[in-house]
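What follows is a set of notes on a single structure, which appears directly below.
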Amino acid sequence: MAGLELLTDQGYRLDGRKATELRKVQARMGVFAQADGSAYLEQGNTKALAVVYGPHEMRGSRSRALHDRAVINCQYSMATFSTAERKRRPHGDRKSTEMSLHLKQTFEAAVMTQLFPRSQIDIYVKILQSDGGNYSVCVNAATLAVIDAGIPMRDYVCACTVGFVDETPLADLCYAEESGGVSSLALALLPRGGQIALVQMDARLHQDHLETLIEAAMTACKGVSKVLDEVVRQHLQEASVLSRE
Amino acid sequence: MKDTPLANCERDFLLKAIEEKKRLDGRQTYDYRKIKITFGTDYGCCFVDLGQTRVMAQVSCELVAPKESRPNEGIMFFNLELSPMASPAFEQGRQSELSVKLNRQLERCLRNSKCIDTESLCVVSGEKGWQIRVDVHTLNNDGNLMDAASVAAISALCHFRHPDVGIQGEEITVYSPEERDPIPLSIYHMPISVSFAFFQQGTYLLVDPCEREERVMDGLLMIAMNKHREICSIQSSGGIMLLKEQVMRCSKIASVKVSEITELINRALLNDKTARKAGGRCGFAESMPQERITALKMGQRSVEMTDVSETASSIVQTAEAPLQTVPSPLVPVPGVGQVGEGLCNAWGLEEEEEENEDGESSGGDSVAGVTKMEDEQHKDDKSRKVDVVEILDSDEEEEEVVILYPETTKKAKLMRRGQENDSEDGFEEEVSENEDDMEHIQTKKKQIEKSSDDDNDHAKISVTLMSKNGNSSWFLSPPENQGRPLAENGFRMTPPIKYATSWTDDN
């Protein structure tokens, strides 16, 4: 993709955003009645659906139950129609498993699992449309779903993918930018304490730029957390209005 | 096979040592274990020893059609196998979480960083290209498989040579190694991964954890870099929460380590090259050191002994006094005795007991066991009626003991006696008690025999209590113990037989 200019001289990106601008976030909580918690989140063109069941009794092997905390079971999948080309994605393939593991690791750090020993919390995330930043959108959607389920968490878990082009960090990459060989860093953050739940980076980046990139990622995550907070409060307001009537 | 769980004391020991900046093998916090790289006889085969962790990487190539999305590039394929020979916890064929994690990390470290020029692997655009396959097998797991695997993979790739290919029009000729020298891969840079283990919620950090340290760690941060200080991959795993400063510090440490390791790899490659040129023997077998025991002698080692006695005495002084085993708080009164294994014997018939014990202990136990089964059921509901005194002995948590009062005790004892005698013929007990007791007992015995039929409505406790090793401790309850709280099931029963009694088989 040598022809595409990922960052013009005026500082505009492919979709007209500025370097530190996030994509438009739209979210809904309580999408499904059946699940304990559910959320739908759109970040630009990437759409993800997250569903939470739990905490409930351990299903499957009881031996995997932990005596002092809950087990978090995550499953990540992409819909076959989510990418430009329709691809059949078997569930057990390595990328999905890796994503599921990362999600599990992220939420194990954030959810207060000590309150539910010997139980299991299931988080299922599905990407309905993939346009870059899959992991981040999944984490954000899952956060909303966990909040909708009423499971206590230490803080919002916000994630964002940032890239580095021309000495400038670009926040919230879209697919074109990601596949352009840009070094991208995905960061899951608990905004209040500034604690990083997961950091993941691919592609080459010089060490000196690492600090700026992480800083940019943290700022972007804090921006996302504001949006998520807004969404949660709005949802609560709507729910309370309805229940009052 | 499931991994043996780590004992709590071992875990605590490891964590404590880490807090004091000590590691099991004496390394410093940022020290790597000794890395040894050896190459096999074929091009592309590499063994890496990271301390005791051992992995093997093999690179192979094949001419295939390239992918449609990238017609003028070759294909790179990475595979890491967790072989069961590395650790009993690894199972053949099962793709465990660790296997997926390591595979993906290796792929991201080598593929996404574009360390190999894939365009040079293309032979005919859109039709034929080289597929390079890197297989890494773990041979021994002593922690930090990721680092060892990355070193092995990149060394093997550097060592590998693929056959030369000639194209004449439509024809593609693959030359064998004898015809034309094989061509090495064009490698831009060498990404090496460095693993950092975090302990105590990120307070302590160790580089290159060994297997034990991996078991107690909270999480792992893997940073892959090359010697040009370019970060190829960062991945945090485990449920730890990091701070930005920690990540920055780790990246600085990683850059130092990576340059050292790259130096090592280059030296190993050079050595191998010269060895091959010189026609010398090379390969894995050659690299194994020949360990021959030539003498059974261990060298003298000096041990620091200057203040051993002081530290030892200070430890002894500050240590707590050993726990005293409290014998049963029963206070014997005349007419009541206490006998038991290992407990203070207050029966007053020491001499006889010693004689009888050996001969009868085994018999007594088995019988006691039998009777316990029978009687327990209908004795439980009796417990409420009986004033039961709880006697807890440190040795006897598993025993149900019915404490009976002197009359009932003797009665029960008599009853039991009767039952036992019925069940086991020829069982003889000798008792030497004082005369009064004898009489009392004899009278009671008769009473009991009469009432022996009404088992159910008398507190005839003949529960025998057996502790788990088959020894029974028996108590007769003294009257002083009345009013003490009730035990769980309320019973404490006096067992029998092995102790001197005057019951003989003359019911």
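Labels used: A, B, ... for chains in the order of the structure tokens, numbers from 1 for residues in each chain, and numbers from 1 for ligands as shown.
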
With 6 Å as the cut-off and only C-alpha atoms counted, what is the closest atom pair between each nearby residue of chain A and chain B? Distances in Å to one decimal, ordered by chain and number, as CSV.
```
residue,atom,partner,partner_atom,distance
A:Gln105,CA,B:Gly239,CA,5.2
A:Glu108,CA,B:Gly239,CA,5.7
A:Ala109,CA,B:Gly239,CA,4.9
A:Gln195,CA,B:Leu243,CA,5.4
A:Ile196,CA,B:Leu242,CA,4.8
A:Ala197,CA,B:Met241,CA,4.8
A:Leu198,CA,B:Ser236,CA,5.7
A:Val199,CA,B:Ser236,CA,5.5
A:Gln200,CA,B:Gln235,CA,4.6
A:Met201,CA,B:Ile234,CA,4.8
A:Asp202,CA,B:Ser233,CA,4.8
A:Ala203,CA,B:Ser113,CA,4.6
A:Arg204,CA,B:Cys232,CA,4.5
A:Leu205,CA,B:Ile231,CA,5.1
A:His206,CA,B:Glu230,CA,4.1
A:Gln207,CA,B:Glu230,CA,5.5
```

ask   = When you draw a straight line from CA of Ala48 in chain A to CA of Ser184 in chain A, how long is it in Å?
value =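 These two atoms are separated by 20.1 Å.
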
message = Need the shell around Ile37 in chain B: protein/DNA/RNA residues with any atom at most 12 Å away, counting only C-alpha atoms. Skip same-chain ones fewer than 6 positions apart. Format as JSON, numbers by chain?
response = {"B": [45, 46, 47, 48, 49, 50, 51, 53, 54, 55, 56, 57, 148, 149, 151, 152, 153, 154, 155, 156, 159, 261, 262, 263, 264, 265, 266, 267, 268, 269, 270, 271, 272, 283, 284, 287, 288]}

Given the selection you just returned, output its residues as a file containing C-alpha atoms, formatted as a CSV table (one decimal), in the first residue's frame.
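So selection15.csv came out as:
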```csv
chain,number,residue,atom,x,y,z
B,45,CYS,CA,19.1,-27.7,12.1
B,46,CYS,CA,19.8,-26.0,15.3
B,47,PHE,CA,19.8,-26.9,19.0
B,48,VAL,CA,19.7,-24.3,21.7
B,49,ASP,CA,20.3,-24.9,25.4
B,50,LEU,CA,19.1,-22.2,27.7
B,51,GLY,CA,20.4,-23.5,31.0
B,53,THR,CA,15.8,-25.8,28.7
B,54,ARG,CA,16.5,-27.4,25.4
B,55,VAL,CA,14.8,-26.8,22.0
B,56,MET,CA,15.5,-27.9,18.5
B,57,ALA,CA,14.6,-26.0,15.4
B,148,ALA,CA,14.9,-20.5,23.6
B,149,ALA,CA,12.5,-21.1,20.7
B,151,VAL,CA,16.8,-18.0,19.4
B,152,ALA,CA,16.6,-21.5,17.9
B,153,ALA,CA,14.3,-20.4,15.1
B,154,ILE,CA,16.3,-17.4,14.0
B,155,SER,CA,19.6,-19.3,14.3
B,156,ALA,CA,18.2,-22.1,12.2
B,159,HIS,CA,22.0,-21.4,9.1
B,261,ILE,CA,22.5,-12.9,22.4
B,262,THR,CA,22.8,-11.7,18.8
B,263,GLU,CA,26.6,-11.6,19.3
B,264,LEU,CA,26.4,-15.2,20.6
B,265,ILE,CA,24.4,-16.4,17.6
B,266,ASN,CA,26.8,-14.8,15.1
B,267,ARG,CA,29.8,-16.3,16.8
B,268,ALA,CA,28.1,-19.8,16.7
B,269,LEU,CA,27.3,-19.4,13.1
B,270,LEU,CA,30.9,-18.4,12.3
B,271,ASN,CA,32.3,-21.3,14.2
B,272,ASP,CA,30.1,-23.7,12.4
B,283,GLY,CA,26.7,-31.8,14.1
B,284,PHE,CA,24.8,-32.6,17.1
B,287,SER,CA,28.5,-31.1,20.2
B,288,MET,CA,27.5,-33.3,23.1
```

message = I want to know what sits within 9 Å of Leu228 in chain A, based on only C-alpha atoms, with residues of the same chain fewer than 6 positions away left out; could you give that as a VMD selection string?
response = chain A and resid 25 27 140 143 to 144 156 158

Just-selected residues, N, CA, C and O atoms written as a compact mmCIF listing (two decimals), in the first residue's frame:
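Listed below is the output, out-v7.txt:
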```txt
# COMPACT_ATOMS: atom_id res chain seq x y z
N VAL A 25 -17.97 6.42 18.30
CA VAL A 25 -18.37 5.26 19.08
C VAL A 25 -19.86 5.33 19.34
O VAL A 25 -20.36 6.33 19.83
N ALA A 27 -22.90 2.86 21.11
CA ALA A 27 -23.05 1.62 21.88
C ALA A 27 -24.44 1.50 22.45
O ALA A 27 -25.11 2.49 22.74
N ASN A 140 -13.85 -3.25 24.53
CA ASN A 140 -14.80 -2.21 24.93
C ASN A 140 -16.21 -2.75 25.00
O ASN A 140 -16.95 -2.46 25.95
N THR A 143 -16.56 -4.93 28.06
CA THR A 143 -16.66 -4.13 29.29
C THR A 143 -18.10 -3.72 29.53
O THR A 143 -18.62 -3.85 30.64
N LEU A 144 -18.73 -3.20 28.48
CA LEU A 144 -20.12 -2.76 28.63
C LEU A 144 -21.02 -3.94 28.99
O LEU A 144 -21.92 -3.81 29.83
N TYR A 156 -13.36 0.54 34.44
CA TYR A 156 -13.66 0.27 33.04
C TYR A 156 -12.40 -0.29 32.39
O TYR A 156 -11.30 0.15 32.69
N CYS A 158 -10.66 -0.19 28.97
CA CYS A 158 -10.76 0.46 27.67
C CYS A 158 -9.56 0.06 26.86
O CYS A 158 -8.45 -0.01 27.37
```

task = Might you pull out every residue within 8 Å of Leu173 in chain A, with only C-alpha atoms counted and same-chain residues fewer than 4 positions away left off, and present them as a ChimeraX atom specification?
result = /A:132-133,161-163,177-178

message = Considering only strand (DSSP E or B) as DSSP defines it on the backbone, what residues of range 14-216 of chain A qualify? List them as a ChimeraX atom specification.
response = /A:25-29,37-43,46-57,71-78,111,119-129,153,158-165,168-171,183-190,195-202,205-206

ask   = Which neighbours of Ala33 in chain A fall inside 12 Å, counting only C-alpha atoms, when residues of the same chain fewer than 6 positions from it are skipped, and could you give them as JSON, numbers by chain?
value = {"A": [39, 51, 52, 53, 148, 149]}

key: Spatial neighbours of Arg23 in chain B, max dist 8 Å, only C-alpha atoms, sep filter under 6 positions, as a count of residues only   = 3
